[in-house]
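Trainee: Structure supplied as model.txt; contents: compact mmCIF, C-alpha atoms.
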```
# COMPACT_ATOMS: atom_id res chain seq x y z
CA MET S 1 33.01 133.07 120.68
CA GLN S 2 33.03 129.80 122.56
CA THR S 3 34.84 129.74 125.87
CA ARG S 4 38.01 127.65 125.83
CA ILE S 5 39.10 125.57 128.82
CA PHE S 6 42.75 124.77 129.58
CA GLN S 7 44.21 122.21 131.97
CA ASN S 8 46.47 124.05 134.38
CA LYS S 9 49.22 122.79 136.66
CA GLN S 10 50.72 124.78 139.53
CA TRP S 11 53.50 124.19 142.03
CA PHE S 12 52.45 125.60 145.42
CA TYR S 13 55.09 126.38 148.01
CA ALA S 14 53.89 124.28 150.96
CA LYS S 15 56.70 123.72 153.49
CA ARG S 16 59.81 125.66 154.49
CA PRO S 17 62.98 123.62 153.95
CA GLU S 18 65.54 123.46 156.73
CA ALA S 19 68.34 122.36 154.40
CA ARG S 20 68.16 121.15 150.81
CA VAL S 21 64.94 121.99 148.98
CA SER S 22 63.07 119.20 147.19
CA ALA S 23 59.63 118.21 145.89
CA GLU S 24 58.44 117.53 149.46
CA HIS S 25 58.38 121.28 150.03
CA TYR S 26 55.91 121.78 147.19
CA GLU S 27 52.47 120.59 146.26
CA LEU S 28 51.53 119.99 142.62
CA ARG S 29 47.94 120.93 141.93
CA GLU S 30 45.86 120.59 138.78
CA SER S 31 42.88 122.75 137.85
CA VAL S 32 41.16 124.30 134.88
CA ILE S 33 41.35 127.86 133.62
CA ASP S 34 39.24 129.50 130.91
CA ASP S 35 39.84 132.35 128.48
CA VAL S 36 37.10 134.63 129.81
CA LEU S 37 38.97 137.87 130.46
CA ALA S 38 38.32 141.19 132.13
CA ASN S 39 39.29 144.42 130.39
CA ASN S 40 43.08 144.59 129.85
CA GLU S 41 43.52 141.05 131.15
CA VAL S 42 45.71 138.54 129.29
CA LEU S 43 45.84 134.75 129.40
CA VAL S 44 49.36 133.38 128.95
CA GLN S 45 50.87 129.92 128.64
CA ALA S 46 54.35 129.37 130.09
CA ARG S 47 57.12 128.19 127.76
CA TYR S 48 60.25 128.79 129.87
CA ILE S 49 60.23 129.07 133.66
CA SER S 50 63.15 130.53 135.55
CA VAL S 51 64.95 128.78 138.40
CA ASP S 52 67.13 131.10 140.49
CA PRO S 53 69.12 131.02 143.75
CA TYR S 54 67.12 133.94 145.19
CA MET S 55 64.15 131.57 145.52
CA ARG S 56 66.00 129.72 148.25
CA ILE S 57 66.70 133.00 150.06
CA GLN S 58 62.98 133.76 150.11
CA GLN S 59 62.29 130.38 151.70
CA HIS S 60 64.09 131.26 154.92
CA GLU S 61 61.99 132.20 157.90
CA ARG S 62 63.63 135.50 158.71
CA ARG S 63 63.39 138.64 156.62
CA THR S 64 66.34 139.04 154.28
CA TYR S 65 66.07 141.71 151.58
CA ASP S 66 62.34 141.07 151.54
CA VAL S 67 59.67 139.33 153.57
CA PRO S 68 59.74 135.50 153.33
CA HIS S 69 57.88 133.86 150.47
CA PRO S 70 54.40 133.06 151.87
CA LEU S 71 53.40 129.44 152.16
CA GLY S 72 50.34 128.26 150.29
CA ILE S 73 50.79 130.26 147.09
CA VAL S 74 52.28 129.49 143.70
CA GLN S 75 56.08 129.63 143.73
CA ARG S 76 57.10 132.99 142.32
CA ALA S 77 59.36 133.08 139.27
CA GLY S 78 60.07 134.85 136.04
CA VAL S 79 58.40 133.27 133.02
CA VAL S 80 58.66 133.58 129.26
CA ALA S 81 55.19 132.80 127.90
CA GLN S 82 52.96 133.12 124.88
CA VAL S 83 49.66 134.94 124.80
CA MET S 84 46.69 132.59 124.39
CA ALA S 85 43.94 135.22 124.65
CA SER S 86 43.94 138.96 125.19
CA ALA S 87 41.53 141.71 126.23
CA SER S 88 44.26 144.30 125.78
CA GLU S 89 45.13 146.24 122.62
CA ARG S 90 48.80 145.82 123.47
CA PHE S 91 48.89 142.04 123.05
CA GLN S 92 47.69 139.54 120.49
CA PRO S 93 47.49 135.73 120.64
CA GLY S 94 50.87 134.28 119.80
CA ASP S 95 52.88 137.20 121.20
CA TRP S 96 55.91 136.28 123.27
CA VAL S 97 55.94 137.98 126.69
CA LEU S 98 57.93 138.16 129.89
CA GLY S 99 56.16 138.15 133.25
CA TYR S 100 56.55 137.21 136.89
CA ASN S 101 53.88 134.54 136.66
CA GLY S 102 55.46 131.82 138.77
CA TRP S 103 55.54 128.06 138.53
CA GLN S 104 52.30 127.45 136.63
CA LEU S 105 51.40 126.50 133.08
CA PHE S 106 48.68 129.13 132.57
CA ASP S 107 47.95 132.46 134.21
CA LYS S 108 45.61 135.41 133.83
CA CYS S 109 47.29 138.73 134.51
CA HIS S 110 46.96 142.42 133.78
CA ALA S 111 48.61 143.68 130.62
CA ASN S 112 50.75 146.04 132.70
CA ASP S 113 52.43 143.01 134.27
CA LEU S 114 53.77 141.79 130.94
CA GLN S 115 56.57 142.90 128.65
CA LYS S 116 56.41 142.05 124.95
CA LEU S 117 59.45 140.24 123.55
CA ASP S 118 60.91 140.44 120.06
CA ALA S 119 61.63 136.85 119.06
CA GLU S 120 63.56 138.06 116.00
CA ALA S 121 66.00 140.18 118.00
CA ALA S 122 67.18 137.43 120.36
CA PRO S 123 66.12 133.98 121.57
CA VAL S 124 63.14 134.55 123.86
CA SER S 125 64.77 132.58 126.67
CA THR S 126 67.44 135.29 126.99
CA ALA S 127 64.78 137.47 128.64
CA LEU S 128 65.33 135.26 131.70
CA GLY S 129 69.11 135.26 131.33
CA VAL S 130 71.61 137.55 129.66
CA LEU S 131 68.97 140.15 128.70
CA GLY S 132 67.02 139.72 131.93
CA MET S 133 67.59 139.65 135.66
CA PRO S 134 70.96 137.79 135.62
CA GLY S 135 72.32 140.11 132.93
CA ARG S 136 71.15 143.16 134.83
CA THR S 137 72.79 141.87 138.01
CA ALA S 138 76.06 141.13 136.25
CA TRP S 139 76.27 144.38 134.31
CA PHE S 140 75.41 146.88 137.00
CA GLY S 141 77.04 144.88 139.77
CA LEU S 142 80.35 144.95 137.96
CA MET S 143 80.20 148.27 136.15
CA ASP S 144 78.59 150.38 138.90
CA ALA S 145 79.89 148.74 142.07
CA GLY S 146 83.07 147.15 140.72
CA ARG S 147 84.20 150.09 138.56
CA PRO S 148 86.63 147.95 136.52
CA ARG S 149 89.69 149.53 134.95
CA PRO S 150 92.00 148.08 132.29
CA GLY S 151 94.81 146.03 133.76
CA GLU S 152 93.05 145.25 137.03
CA THR S 153 92.53 141.72 138.28
CA LEU S 154 88.94 140.57 138.65
CA VAL S 155 88.09 137.36 140.51
CA VAL S 156 84.62 135.91 140.04
CA SER S 157 83.25 133.11 142.22
CA GLY S 158 80.50 130.94 140.81
CA ALA S 159 81.99 131.93 137.46
CA ALA S 160 80.21 129.25 135.42
CA GLY S 161 76.75 130.30 136.62
CA ALA S 162 74.13 132.57 135.10
CA VAL S 163 75.52 135.77 136.63
CA GLY S 164 79.16 134.82 137.09
CA SER S 165 79.70 133.78 133.47
CA LEU S 166 78.48 137.18 132.32
CA VAL S 167 80.46 139.14 134.90
CA ALA S 168 83.60 137.36 133.77
CA GLN S 169 83.00 138.26 130.11
CA PHE S 170 82.06 141.84 130.90
CA GLY S 171 85.28 142.08 132.89
CA LYS S 172 87.34 140.89 129.95
CA ARG S 173 85.66 143.49 127.74
CA ALA S 174 86.58 146.14 130.30
CA GLY S 175 90.25 145.17 129.97
CA CYS S 176 90.63 143.21 133.20
CA ARG S 177 92.61 140.07 133.85
CA VAL S 178 89.85 137.69 134.90
CA VAL S 179 90.21 134.61 137.07
CA GLY S 180 87.14 132.47 137.60
CA ILE S 181 86.44 130.13 140.49
CA ALA S 182 84.14 127.16 139.90
CA GLY S 183 83.56 123.60 141.07
CA GLY S 184 85.13 120.85 138.98
CA ALA S 185 87.65 120.49 136.17
CA GLU S 186 84.95 120.54 133.48
CA LYS S 187 83.65 123.93 134.55
CA CYS S 188 87.15 125.35 134.86
CA ALA S 189 87.97 124.18 131.33
CA TYR S 190 84.77 125.87 130.17
CA LEU S 191 85.83 129.14 131.79
CA VAL S 192 89.19 129.21 130.02
CA ASN S 193 88.41 127.54 126.70
CA THR S 194 84.88 128.81 126.04
CA LEU S 195 84.59 132.08 127.94
CA GLY S 196 88.21 133.09 127.37
CA LEU S 197 89.18 133.77 130.97
CA ASP S 198 92.84 134.16 131.86
CA ALA S 199 92.75 131.42 134.49
CA ALA S 200 90.37 129.28 136.51
CA VAL S 201 90.56 127.71 139.96
CA ASP S 202 88.69 124.55 140.94
CA TYR S 203 87.75 125.13 144.57
CA LYS S 204 86.75 121.48 144.95
CA ALA S 205 90.39 120.47 144.47
CA PHE S 206 91.40 122.09 147.76
CA ALA S 207 90.72 120.71 151.21
CA ASP S 208 91.05 123.94 153.17
CA THR S 209 90.97 127.70 152.88
CA ALA S 210 94.74 128.12 153.12
CA SER S 211 95.55 125.90 150.15
CA LEU S 212 92.76 127.45 148.08
CA ALA S 213 94.02 130.94 148.93
CA ALA S 214 97.55 129.97 147.92
CA GLU S 215 96.34 128.87 144.49
CA ILE S 216 94.26 132.02 143.97
CA GLN S 217 97.25 134.14 144.97
CA LYS S 218 99.40 132.21 142.49
CA GLN S 219 96.92 132.86 139.69
CA THR S 220 96.23 136.52 140.51
CA GLY S 221 99.08 138.12 142.42
CA GLY S 222 96.37 139.93 144.36
CA VAL S 223 92.78 140.96 143.73
CA ASP S 224 91.48 144.38 142.67
CA ILE S 225 87.83 143.37 142.26
CA TYR S 226 86.07 140.39 143.78
CA PHE S 227 82.59 139.56 142.51
CA ASP S 228 81.17 137.09 145.01
CA ASN S 229 78.34 134.72 144.17
CA VAL S 230 79.02 131.97 146.69
CA GLY S 231 80.41 133.10 150.05
CA GLY S 232 81.75 130.44 152.42
CA MET S 233 85.25 129.00 152.11
CA VAL S 234 85.85 130.58 148.72
CA THR S 235 85.28 134.08 150.04
CA ASP S 236 87.36 133.36 153.13
CA ALA S 237 90.20 132.46 150.76
CA VAL S 238 89.87 135.54 148.55
CA ILE S 239 89.42 138.36 151.07
CA PRO S 240 92.98 138.29 152.48
CA LEU S 241 94.30 138.67 148.93
CA ILE S 242 92.62 141.99 148.16
CA LYS S 243 94.77 144.94 147.09
CA LEU S 244 94.70 148.58 148.10
CA ARG S 245 91.35 150.21 147.20
CA ALA S 246 89.86 146.86 146.21
CA ARG S 247 86.16 146.62 145.47
CA ILE S 248 84.15 143.65 146.71
CA ILE S 249 80.69 143.04 145.28
CA ILE S 250 78.44 140.70 147.24
CA CYS S 251 75.91 139.38 144.78
CA GLY S 252 75.09 136.04 146.43
CA THR S 253 76.18 133.59 149.10
CA ILE S 254 74.75 130.39 147.68
CA SER S 255 76.94 128.23 149.93
CA GLN S 256 74.88 129.49 152.87
CA TYR S 257 71.38 129.14 151.44
CA ASP S 258 70.68 125.58 152.62
CA GLY S 259 69.61 126.76 156.06
CA GLY S 260 72.58 128.98 156.80
CA LEU S 261 70.75 132.27 156.40
CA ASP S 262 68.52 131.66 159.40
CA HIS S 263 71.61 131.12 161.57
CA PRO S 264 74.44 132.88 159.73
CA ASP S 265 78.08 132.45 160.61
CA LEU S 266 79.71 135.62 161.86
CA ALA S 267 82.82 136.64 159.96
CA PRO S 268 84.59 139.53 161.75
CA ARG S 269 87.89 138.19 160.42
CA ILE S 270 87.27 139.95 157.09
CA LEU S 271 87.02 143.38 158.66
CA GLN S 272 90.76 143.81 159.27
CA HIS S 273 91.46 143.27 155.59
CA MET S 274 88.82 145.83 154.66
CA LEU S 275 90.51 148.30 157.00
CA PHE S 276 94.13 147.67 156.01
CA GLN S 277 93.42 147.90 152.29
CA ARG S 278 90.84 150.71 152.62
CA ALA S 279 88.62 148.53 150.48
CA THR S 280 84.93 148.89 149.83
CA ILE S 281 82.30 146.20 150.02
CA GLN S 282 78.86 146.57 148.50
CA GLY S 283 75.87 144.31 148.27
CA ILE S 284 73.86 144.46 145.05
CA LEU S 285 70.40 143.23 144.12
CA ALA S 286 68.91 143.06 140.65
CA ARG S 287 65.78 144.90 141.80
CA ASP S 288 67.82 148.05 142.39
CA PHE S 289 68.49 148.41 138.66
CA VAL S 290 65.13 147.52 137.10
CA TYR S 291 64.61 151.09 135.93
CA ARG S 292 67.94 150.96 134.04
CA MET S 293 67.24 147.85 131.98
CA GLU S 294 67.15 149.71 128.67
CA GLU S 295 70.54 151.20 129.44
CA MET S 296 71.98 147.71 129.88
CA ARG S 297 70.20 146.22 126.87
CA ALA S 298 71.44 148.99 124.60
CA ILE S 299 75.00 147.81 125.23
CA VAL S 300 74.58 144.06 125.74
CA ALA S 301 71.82 143.20 123.24
CA PRO S 302 74.06 143.83 120.18
CA TRP S 303 76.68 141.52 121.70
CA VAL S 304 74.00 138.86 122.07
CA LYS S 305 72.68 139.35 118.54
CA ASN S 306 76.18 139.15 117.06
CA ARG S 307 77.18 136.22 119.29
CA GLU S 308 80.04 138.25 120.71
CA ILE S 309 79.46 136.87 124.19
CA VAL S 310 78.58 133.39 125.43
CA PHE S 311 75.17 133.00 127.07
CA ASP S 312 74.85 129.27 127.66
CA GLU S 313 71.71 127.77 129.15
CA THR S 314 71.05 124.56 131.03
CA VAL S 315 67.51 123.60 130.00
CA VAL S 316 65.50 120.97 131.88
CA ASP S 317 62.41 119.66 130.11
CA GLY S 318 59.18 119.08 132.01
CA PHE S 319 56.99 121.13 134.34
CA GLU S 320 57.14 118.38 136.96
CA GLN S 321 60.92 118.84 137.19
CA LEU S 322 60.80 122.33 138.68
CA PRO S 323 61.54 121.50 142.35
CA GLU S 324 64.42 119.21 141.39
CA ALA S 325 65.72 121.84 138.98
CA LEU S 326 65.90 124.33 141.84
CA ASN S 327 67.88 121.76 143.77
CA MET S 328 70.35 121.50 140.87
CA LEU S 329 71.61 125.00 141.62
CA PHE S 330 73.00 123.86 144.96
CA GLU S 331 74.65 120.81 143.47
CA GLY S 332 76.45 122.79 140.78
CA LYS S 333 74.80 120.89 137.93
CA ASN S 334 74.16 123.89 135.70
CA ILE S 335 76.36 125.93 133.38
CA GLY S 336 74.98 129.37 132.61
CA LYS S 337 71.31 130.12 133.13
CA LEU S 338 69.09 127.30 134.44
CA LEU S 339 65.64 127.08 132.85
CA VAL S 340 62.74 124.64 132.78
CA ARG S 341 61.06 124.28 129.40
CA VAL S 342 57.36 123.34 129.56
```
Translate this file's structure into structure tokens.
Mentor:
Amino acid sequence: MQTRIFQNKQWFYAKRPEARVSAEHYELRESVIDDVLANNEVLVQARYISVDPYMRIQQHERRTYDVPHPLGIVQRAGVVAQVMASASERFQPGDWVLGYNGWQLFDKCHANDLQKLDAEAAPVSTALGVLGMPGRTAWFGLMDAGRPRPGETLVVSGAAGAVGSLVAQFGKRAGCRVVGIAGGAEKCAYLVNTLGLDAAVDYKAFADTASLAAEIQKQTGGVDIYFDNVGGMVTDAVIPLIKLRARIIICGTISQYDGGLDHPDLAPRILQHMLFQRATIQGILARDFVYRMEEMRAIVAPWVKNREIVFDETVVDGFEQLPEALNMLFEGKNIGKLLVRV
């Protein structure tokens, strides 16, 4: 069989950003790749590439939950791809797969690094969203760490995002009163009218923590569970409102990612509230629940198939748009999961 040659494009992570990330921190390279494969190797072509806030965490110089993303290699990312050639019995050309192949059009990888997707069961892009890492984060973060009970009040920051929008809906299904916090009137209308939340608060409408806290208190009467995706002023406003035995889940602090993680602000002021209310606070990472994915999918996948929950996506077209798409996360331009379609 004649060897096929493909034109590849790759975004290499080239420079650590001090604040907002942009194309200047990457280098776009073009090369060729063939379909000559070793035993159990698979050649895949990217169709959807994930853009996630954790990428900005990895770009900081200090160790966070992992070592910093090395310079000079392809930007890491989850990818939904199609098989172009296979030397594995497990995959055939045309199969849809999920892998951690990064920001590149083509990649050769071992069959063990890929997961076959059923395009008939759900849109393949959901493997990067509601049935993937964001869904896993939302489900286990809320259900394991949050332990929601009917009648409790759940507050979700970043509630229009990939994780927050799912947490909010899972909370409603658990019988909670759910109040979402998001930036802008359009997103707040989306939370109430589309996701069915009980109330929404536009943090951008408030100039200081005190006025924001007053509005959250008005909408909640106190907080049993706080699922935090943003940190910063929003979290400063919520923490004093927690009730006895409250549970606080720290999923992300996106407000601090533009350089703030290397020189974090200290926040001892929250500790007195944790003490007085005998509350618990727990950080959660998606990687801690990888081995429980089937447990989550067994519950959530039927909801997805039957359209019982909303799993909106913001899709940007064009491989060249990847760095700017990452930047969109910190400007609040996405609703639901942010993807680049190539």
Trainee: Can you list, as number ranges by chain, every protein, DNA or RNA residue that comes within 10 Å of region 8-11 of chain S when you count all atoms listed in the file, leaving out same-chain residues fewer than 6 positions away?
Mentor: S: 23, 25-34, 45, 72-76, 102-107, 319-320, 322-323
Trainee: When you draw a straight line from CA of Glu120 (chain S) to CA of Gly164 (chain S), how long is it in Å?
Mentor: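 Taking CA of Glu120 (chain S) and CA of Gly164 (chain S), their separation equals 26.4 Å.
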Trainee: Expressed in Å to a single decimal, how great is the separation between CA of Gly332 (chain S) and CA of Gly183 (chain S)?
Mentor: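 Distance between the two atoms: 7.2 Å.
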Trainee: To one decimal place in Å, what is the distance between CA of Leu195 (chain S) and CA of Asp224 (chain S)?
Mentor: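 CA of Leu195 (chain S) sits 20.4 Å away from CA of Asp224 (chain S).
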Trainee: Env of Val179 (chain S): 6 Å cut, atoms = only C-alpha atoms, seq-sep filter 6 positions within chain, self excluded. Answer as a compact mmCIF listing (two decimals) with C-alpha atoms, in the frame of the given file.
Mentor:
```txt
# COMPACT_ATOMS: atom_id res chain seq x y z
CA VAL S 155 88.09 137.36 140.51
CA ASP S 198 92.84 134.16 131.86
CA ALA S 199 92.75 131.42 134.49
CA ALA S 200 90.37 129.28 136.51
```
Trainee: Need to verify the contact set: Ala87 (chain S), 6 Å, all atoms listed in the file, exclusion of same-chain residues closer than 3 positions in sequence. Can you return it as a list in words?
Mentor: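 Here the answer would be Asn39, Asn40 and Glu41 of chain S.
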Trainee: Would you list the residues near (75.9, 123.4, 131.0) (no more than 9 Å away, in the coordinates of the file, using all atoms listed in the file) as number ranges by chain?
Mentor: S: 160-161, 187, 312-315, 333-338
Trainee: Would you mind telling me which residue in S:Ile181, S:Ala46, S:Met1, S:Ile57 lies nearest to Thr253 (chain S) when using all atoms listed in the file?
Mentor: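 Among S:Ile181, S:Ala46, S:Met1, S:Ile57, it is S:Ile57 that comes nearest to Thr253 (chain S).
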Trainee: Compile the contact shell of Cys176 (chain S) as JSON, numbers by chain: residues with an atom at most 8 Å away, counting all atoms listed in the file, same-chain residues fewer than 3 positions apart removed.
Mentor: {"S": [148, 149, 150, 151, 152, 153, 154, 171, 172, 173]}
Trainee: Determine, counting all atoms listed in the file, every residue of protein, DNA or RNA that lies within 6 Å of (86.1, 134.3, 131.8) in the file coordinates, then give the result as number ranges by chain.
Mentor: S: 168-169, 178, 191, 195-197
Trainee: Using only the atoms of region 121-125 of chain S listed in the file, plus 6 Å on each side, state the axis-aligned box centre and edge lengths in Å rounded to one decimal, as lines of an AutoDock Vina configuration file.
Mentor:
```
center_x = 65.2
center_y = 136.4
center_z = 122.3
size_x = 16.0
size_y = 19.6
size_z = 20.7
```
Trainee: Of the candidates S:Val21, S:Arg62, S:Pro70, S:Arg297, which shows the shortest atom-to-atom distance to Ala127 (chain S), using all atoms listed in the file?
Mentor: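 Among the listed residues, the smallest separation from Ala127 (chain S) belongs to S:Arg297.
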Trainee: Just the residues within 9 Å of region 132-138 of chain S, please, counting all atoms listed in the file, with nothing from its chain fewer than 5 positions along; format it as a VMD selection string.
Mentor: chain S and resid 78 126 to 127 143 162 to 168 170 251 284 to 287 289 to 290 292 to 293 296 to 297 300 337
Trainee: May I ask which of the residues S:Asp35, S:Leu128, S:Glu294, S:Ala246 is the closest one to Gln2 (chain S), counting all atoms listed in the file?
Mentor: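 Distance minimum relative to Gln2 (chain S) lands on S:Asp35.
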